[in-house]
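Asks: Take a look at this one; I'll ask things after.
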Amino acid sequence: MATLCVFLLIAVPLDPVLSLAFYLPVNSIKCLQERIGKDVLVSGEYEVSQQHETTRTTLKIVDSLWETLYIKENATKGKLSFVTPNYEQIEVCFSSISPMGSGRVPDQLVILNLKHGVEAQNNREIEKLEKLTPLEAKLTHLEHLSQSIADDFTYLRKRGKEMRQTNSSTNMQIQLRSVISVCGFLALATWQISFLRRFFKTKKLIE
């Protein structure tokens with residue numbers, strides 16, 4: 001039975017453009033995790049090098065609740081697009097399966113380009129749909145970019161506040177457990193001393 005190898009790649013959360021290339025061994029899975037804000041458009045392109053006739057490559061994107069946002073079996077080349085339903089840590093996974101094992105099948109080259117937020121929007125589509133002049137389209141793009149930056153800072157402040165609350169709660173629990181431990185040791189020491197005094201008195205070693 002072929003073993004399943006898991007590799008984890010972590011991207012920078014504030015970078016709106018993610019481009020990477022890696023080799024995917026047969027019968028393995030490689031995943032990428034990235035935190036993205038709420039109601040953010042994510043789009044991208046992927047390309048998998050020519051695969052052996054028995055190899056099947058699957059692209060699957062899930063959120064933090066393991067809900068599927070996008071899936072493509074027998075993935076070779078294509079585009080993807082979805083909107084995050086909430087503040088999510090999405091996971092993009094490429095998996096390769098071949099019944100022939102890993103000895104005879106070469107690794108596949110995977111190229112992935114992901115964009116989110118403003119970078120995922122097509123300026124030409126904005127100009128076409130809203131009938132904007134090139135200058136107006138550029139200003140609209142800058143407005144969306146400014147809003148995206150503001151949303152990122154809002155998200156970071158929220159995460160910072162959550163982290164401070166978690167640290168404060170953890171410190172309180174540690175202090176409480178320390179006090180309980182000290183009280184327990186003192187109670188145990190008192191009981192031991194009392195037990196030894198009674199024992200020595202019973203043996204008439206002390207008065």
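Chain labels A, B, ... are given in the sequence in which chains occur in the structure tokens; within each chain residues are numbered consecutively from 1, and ligands are likewise numbered from 1 in the order shown.
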For Phe22 in chain A, work out the shell of residues within 8 Å, counting only C-alpha atoms and skipping chain neighbours fewer than 5 positions away, then give it as a PyMOL selection string.

Replies: chain A and resi 109-111

Asks: Could you tell me, as number ranges by chain, which residues of range 3-199 of chain A DSSP assigns to strand (DSSP E or B) when given the backbone?

Replies: A: 5-10, 17-24, 28-36, 41-48, 56-62, 68-72, 77-83, 88-97, 108-116

Asks: Find the spatial neighbours of Leu80 in chain A, counting only C-alpha atoms, within a cut-off of 9 Å - ignore same-chain residues fewer than 6 positions away - and output them as a PyMOL selection string.

Replies: chain A and resi 42-46+70+114

Asks: Filtering to all heavy atoms, could you give me those residues as a short mmCIF file (atom, residue, chain, number, x, y, z; two decimals), in the first residue's frame?

Replies:
```
data_model
loop_
_atom_site.label_atom_id
_atom_site.label_comp_id
_atom_site.auth_asym_id
_atom_site.auth_seq_id
_atom_site.Cartn_x
_atom_site.Cartn_y
_atom_site.Cartn_z
N VAL A 42 -11.91 35.28 -4.05
CA VAL A 42 -10.65 34.57 -4.30
C VAL A 42 -10.72 33.97 -5.70
O VAL A 42 -11.69 33.28 -6.03
CB VAL A 42 -10.41 33.46 -3.27
CG1 VAL A 42 -9.10 32.73 -3.55
CG2 VAL A 42 -10.40 34.03 -1.85
N SER A 43 -9.74 34.25 -6.50
CA SER A 43 -9.68 33.68 -7.84
C SER A 43 -8.25 33.22 -8.10
O SER A 43 -7.32 33.64 -7.42
CB SER A 43 -10.11 34.71 -8.89
OG SER A 43 -9.20 35.79 -8.93
N GLY A 44 -8.10 32.39 -9.09
CA GLY A 44 -6.76 31.90 -9.38
C GLY A 44 -6.72 30.98 -10.58
O GLY A 44 -7.75 30.65 -11.18
N GLU A 45 -5.52 30.58 -10.90
CA GLU A 45 -5.27 29.65 -11.99
C GLU A 45 -4.31 28.57 -11.49
O GLU A 45 -3.47 28.84 -10.63
CB GLU A 45 -4.68 30.36 -13.20
CG GLU A 45 -5.58 31.44 -13.79
CD GLU A 45 -4.93 32.15 -14.96
OE1 GLU A 45 -3.74 31.87 -15.22
OE2 GLU A 45 -5.59 32.98 -15.61
N TYR A 46 -4.44 27.40 -12.05
CA TYR A 46 -3.55 26.31 -11.68
C TYR A 46 -3.21 25.51 -12.94
O TYR A 46 -3.96 25.48 -13.92
CB TYR A 46 -4.19 25.39 -10.63
CG TYR A 46 -5.46 24.72 -11.10
CD1 TYR A 46 -5.42 23.48 -11.75
CD2 TYR A 46 -6.70 25.32 -10.92
CE1 TYR A 46 -6.57 22.87 -12.19
CE2 TYR A 46 -7.85 24.73 -11.37
CZ TYR A 46 -7.80 23.49 -12.00
OH TYR A 46 -8.95 22.89 -12.44
N TYR A 70 -14.21 24.55 -3.20
CA TYR A 70 -13.94 24.25 -4.61
C TYR A 70 -13.30 22.87 -4.69
O TYR A 70 -12.49 22.51 -3.84
CB TYR A 70 -12.99 25.29 -5.21
CG TYR A 70 -12.64 25.05 -6.66
CD1 TYR A 70 -13.44 25.56 -7.69
CD2 TYR A 70 -11.51 24.31 -7.01
CE1 TYR A 70 -13.12 25.32 -9.02
CE2 TYR A 70 -11.19 24.08 -8.34
CZ TYR A 70 -11.99 24.58 -9.33
OH TYR A 70 -11.68 24.36 -10.65
N LEU A 114 -2.83 32.40 -6.93
CA LEU A 114 -4.05 32.79 -6.23
C LEU A 114 -4.05 34.28 -5.97
O LEU A 114 -3.03 34.85 -5.60
CB LEU A 114 -4.18 32.04 -4.90
CG LEU A 114 -4.72 30.61 -4.92
CD1 LEU A 114 -4.85 30.10 -3.49
CD2 LEU A 114 -6.04 30.53 -5.63
#
```

Asks: Kindly give the distance, in Å, that separates CA of Thr76 in chain A and CA of Thr57 in chain A, rounded to a single decimal.

Replies: 7.6 Å

Asks: May I have the residues within 12 Å of Asn74 in chain A as an NGL selection string, using only C-alpha atoms and disregarding those fewer than 4 positions away in the same chain?

Replies: :A and (47-60 or 78 or 94-98)

Asks: Pull N, CA, C and O atoms from the residues just selected and write them as a PDB file, in the first residue's frame.

Replies:
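Saved file out_17.pdb follows:
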```
ATOM      1  N   GLU A  47      -2.061  24.875 -12.887  1.00  0.00           N
ATOM      2  CA  GLU A  47      -1.637  24.024 -13.994  1.00  0.00           C
ATOM      3  C   GLU A  47      -0.802  22.886 -13.449  1.00  0.00           C
ATOM      4  O   GLU A  47       0.122  23.112 -12.658  1.00  0.00           O
ATOM      5  N   VAL A  48      -1.161  21.686 -13.838  1.00  0.00           N
ATOM      6  CA  VAL A  48      -0.454  20.486 -13.410  1.00  0.00           C
ATOM      7  C   VAL A  48       0.187  19.863 -14.641  1.00  0.00           C
ATOM      8  O   VAL A  48      -0.472  19.682 -15.675  1.00  0.00           O
ATOM      9  N   SER A  49       1.471  19.547 -14.552  1.00  0.00           N
ATOM     10  CA  SER A  49       2.178  18.990 -15.700  1.00  0.00           C
ATOM     11  C   SER A  49       1.548  17.677 -16.138  1.00  0.00           C
ATOM     12  O   SER A  49       0.811  17.035 -15.380  1.00  0.00           O
ATOM     13  N   GLN A  50       1.842  17.281 -17.352  1.00  0.00           N
ATOM     14  CA  GLN A  50       1.245  16.077 -17.922  1.00  0.00           C
ATOM     15  C   GLN A  50       1.471  14.884 -17.003  1.00  0.00           C
ATOM     16  O   GLN A  50       2.575  14.622 -16.543  1.00  0.00           O
ATOM     17  N   GLN A  51       0.399  14.187 -16.713  1.00  0.00           N
ATOM     18  CA  GLN A  51       0.461  13.101 -15.758  1.00  0.00           C
ATOM     19  C   GLN A  51       0.375  11.749 -16.456  1.00  0.00           C
ATOM     20  O   GLN A  51      -0.072  11.639 -17.597  1.00  0.00           O
ATOM     21  N   HIS A  52       0.832  10.737 -15.735  1.00  0.00           N
ATOM     22  CA  HIS A  52       0.758   9.376 -16.253  1.00  0.00           C
ATOM     23  C   HIS A  52      -0.705   8.978 -16.405  1.00  0.00           C
ATOM     24  O   HIS A  52      -1.584   9.465 -15.691  1.00  0.00           O
ATOM     25  N   GLU A  53      -0.974   8.080 -17.333  1.00  0.00           N
ATOM     26  CA  GLU A  53      -2.366   7.708 -17.625  1.00  0.00           C
ATOM     27  C   GLU A  53      -3.067   7.086 -16.436  1.00  0.00           C
ATOM     28  O   GLU A  53      -4.295   7.110 -16.349  1.00  0.00           O
ATOM     29  N   THR A  54      -2.323   6.544 -15.489  1.00  0.00           N
ATOM     30  CA  THR A  54      -2.942   5.942 -14.306  1.00  0.00           C
ATOM     31  C   THR A  54      -3.002   6.891 -13.120  1.00  0.00           C
ATOM     32  O   THR A  54      -3.561   6.538 -12.084  1.00  0.00           O
ATOM     33  N   THR A  55      -2.412   8.080 -13.251  1.00  0.00           N
ATOM     34  CA  THR A  55      -2.371   9.032 -12.144  1.00  0.00           C
ATOM     35  C   THR A  55      -3.597   9.946 -12.175  1.00  0.00           C
ATOM     36  O   THR A  55      -3.987  10.439 -13.233  1.00  0.00           O
ATOM     37  N   ARG A  56      -4.172  10.187 -11.028  1.00  0.00           N
ATOM     38  CA  ARG A  56      -5.314  11.072 -10.903  1.00  0.00           C
ATOM     39  C   ARG A  56      -4.967  12.158  -9.873  1.00  0.00           C
ATOM     40  O   ARG A  56      -4.649  11.857  -8.727  1.00  0.00           O
ATOM     41  N   THR A  57      -5.036  13.405 -10.326  1.00  0.00           N
ATOM     42  CA  THR A  57      -4.711  14.540  -9.460  1.00  0.00           C
ATOM     43  C   THR A  57      -5.987  15.301  -9.125  1.00  0.00           C
ATOM     44  O   THR A  57      -6.773  15.622 -10.024  1.00  0.00           O
ATOM     45  N   THR A  58      -6.178  15.591  -7.854  1.00  0.00           N
ATOM     46  CA  THR A  58      -7.386  16.284  -7.394  1.00  0.00           C
ATOM     47  C   THR A  58      -7.005  17.578  -6.683  1.00  0.00           C
ATOM     48  O   THR A  58      -6.080  17.584  -5.861  1.00  0.00           O
ATOM     49  N   LEU A  59      -7.718  18.631  -6.999  1.00  0.00           N
ATOM     50  CA  LEU A  59      -7.573  19.916  -6.314  1.00  0.00           C
ATOM     51  C   LEU A  59      -8.807  20.133  -5.456  1.00  0.00           C
ATOM     52  O   LEU A  59      -9.939  20.071  -5.953  1.00  0.00           O
ATOM     53  N   LYS A  60      -8.592  20.383  -4.165  1.00  0.00           N
ATOM     54  CA  LYS A  60      -9.700  20.596  -3.243  1.00  0.00           C
ATOM     55  C   LYS A  60      -9.385  21.755  -2.317  1.00  0.00           C
ATOM     56  O   LYS A  60      -8.291  21.819  -1.755  1.00  0.00           O
ATOM     57  N   GLY A  78      -6.697  24.999 -15.250  1.00  0.00           N
ATOM     58  CA  GLY A  78      -7.978  25.668 -15.164  1.00  0.00           C
ATOM     59  C   GLY A  78      -7.952  26.882 -14.271  1.00  0.00           C
ATOM     60  O   GLY A  78      -6.904  27.278 -13.756  1.00  0.00           O
ATOM     61  N   PHE A  94      -3.530  19.732  -3.168  1.00  0.00           N
ATOM     62  CA  PHE A  94      -3.369  18.941  -4.378  1.00  0.00           C
ATOM     63  C   PHE A  94      -3.000  17.528  -3.946  1.00  0.00           C
ATOM     64  O   PHE A  94      -2.046  17.339  -3.192  1.00  0.00           O
ATOM     65  N   SER A  95      -3.741  16.541  -4.432  1.00  0.00           N
ATOM     66  CA  SER A  95      -3.445  15.150  -4.101  1.00  0.00           C
ATOM     67  C   SER A  95      -3.270  14.347  -5.378  1.00  0.00           C
ATOM     68  O   SER A  95      -3.960  14.575  -6.372  1.00  0.00           O
ATOM     69  N   SER A  96      -2.333  13.417  -5.338  1.00  0.00           N
ATOM     70  CA  SER A  96      -2.017  12.584  -6.498  1.00  0.00           C
ATOM     71  C   SER A  96      -2.131  11.120  -6.108  1.00  0.00           C
ATOM     72  O   SER A  96      -1.569  10.701  -5.091  1.00  0.00           O
ATOM     73  N   ILE A  97      -2.872  10.359  -6.905  1.00  0.00           N
ATOM     74  CA  ILE A  97      -3.088   8.942  -6.617  1.00  0.00           C
ATOM     75  C   ILE A  97      -2.792   8.124  -7.864  1.00  0.00           C
ATOM     76  O   ILE A  97      -3.241   8.464  -8.966  1.00  0.00           O
ATOM     77  N   SER A  98      -2.022   7.062  -7.684  1.00  0.00           N
ATOM     78  CA  SER A  98      -1.717   6.152  -8.786  1.00  0.00           C
ATOM     79  C   SER A  98      -1.638   4.735  -8.249  1.00  0.00           C
ATOM     80  O   SER A  98      -0.940   4.489  -7.263  1.00  0.00           O
TER      81      SER A  98
END
```

Asks: Taking the backbone alone, and naming residues the way the document does, which bits of range 10-191 of chain A are alpha helix (DSSP H) by DSSP, as an MDAnalysis selection string?

Replies: chainID A and resid 123:130 134:191

Asks: For a quick check of understanding, using only C-alpha atoms, which of A:Thr68, A:Asn86, A:Thr140, A:Asn113 has the smallest distance to Leu20 in chain A?

Replies: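 The closest residue to Leu20 in chain A is A:Asn113.
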
Asks: Calculated over only C-alpha atoms, which of the candidates A:Leu156, A:Leu112, A:Leu32, A:Val105 has the smallest distance to Gln89 in chain A?

Replies: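 Ranked by minimum distance to Gln89 in chain A, first place goes to A:Leu32.
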
Asks: Check the smallest atom-to-atom distance from each of A:Lys38, A:Lys204, A:Lys158, A:Lys72 to Pro85 in chain A using only C-alpha atoms, then report the winner.

Replies: A:Lys38

Asks: Taking 3 positions as the minimum chain separation for residues in the same chain, which residues sit within 9 Å of Leu69 in chain A when counting only C-alpha atoms? Answer as an MDAnalysis selection string.

Replies: chainID A and resid 60:63 66 82:84 90

Asks: Using C-alpha atoms, can you export the residues from the last selection as a PDB file, in the first residue's frame?

Replies:
```
ATOM      1  CA  LYS A  60      -9.700  20.596  -3.243  1.00  0.00           C
ATOM      2  CA  ILE A  61     -10.209  23.815  -1.276  1.00  0.00           C
ATOM      3  CA  VAL A  62     -11.894  23.737   2.130  1.00  0.00           C
ATOM      4  CA  ASP A  63     -12.550  26.276   4.859  1.00  0.00           C
ATOM      5  CA  TRP A  66     -13.921  21.540   6.342  1.00  0.00           C
ATOM      6  CA  PHE A  82     -15.149  31.583  -4.881  1.00  0.00           C
ATOM      7  CA  VAL A  83     -16.095  33.985  -2.070  1.00  0.00           C
ATOM      8  CA  THR A  84     -15.159  33.267   1.535  1.00  0.00           C
ATOM      9  CA  ILE A  90      -8.682  28.176   3.754  1.00  0.00           C
TER      10      ILE A  90
END
```

Asks: Please determine, counting only C-alpha atoms, which residue among A:Leu18, A:Leu135, A:Val92, A:Leu196 has the shortest atom-to-atom distance to Lys30 in chain A.

Replies: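 With only C-alpha atoms as the atom set, the closest residue is A:Val92.
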
Asks: Using only C-alpha atoms, which of A:Ser168, A:His116, A:Pro25, A:Arg177 sits nearest His144 in chain A?

Replies: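 Looking only at the distances to His144 in chain A, the closest residue turns out to be A:His116.
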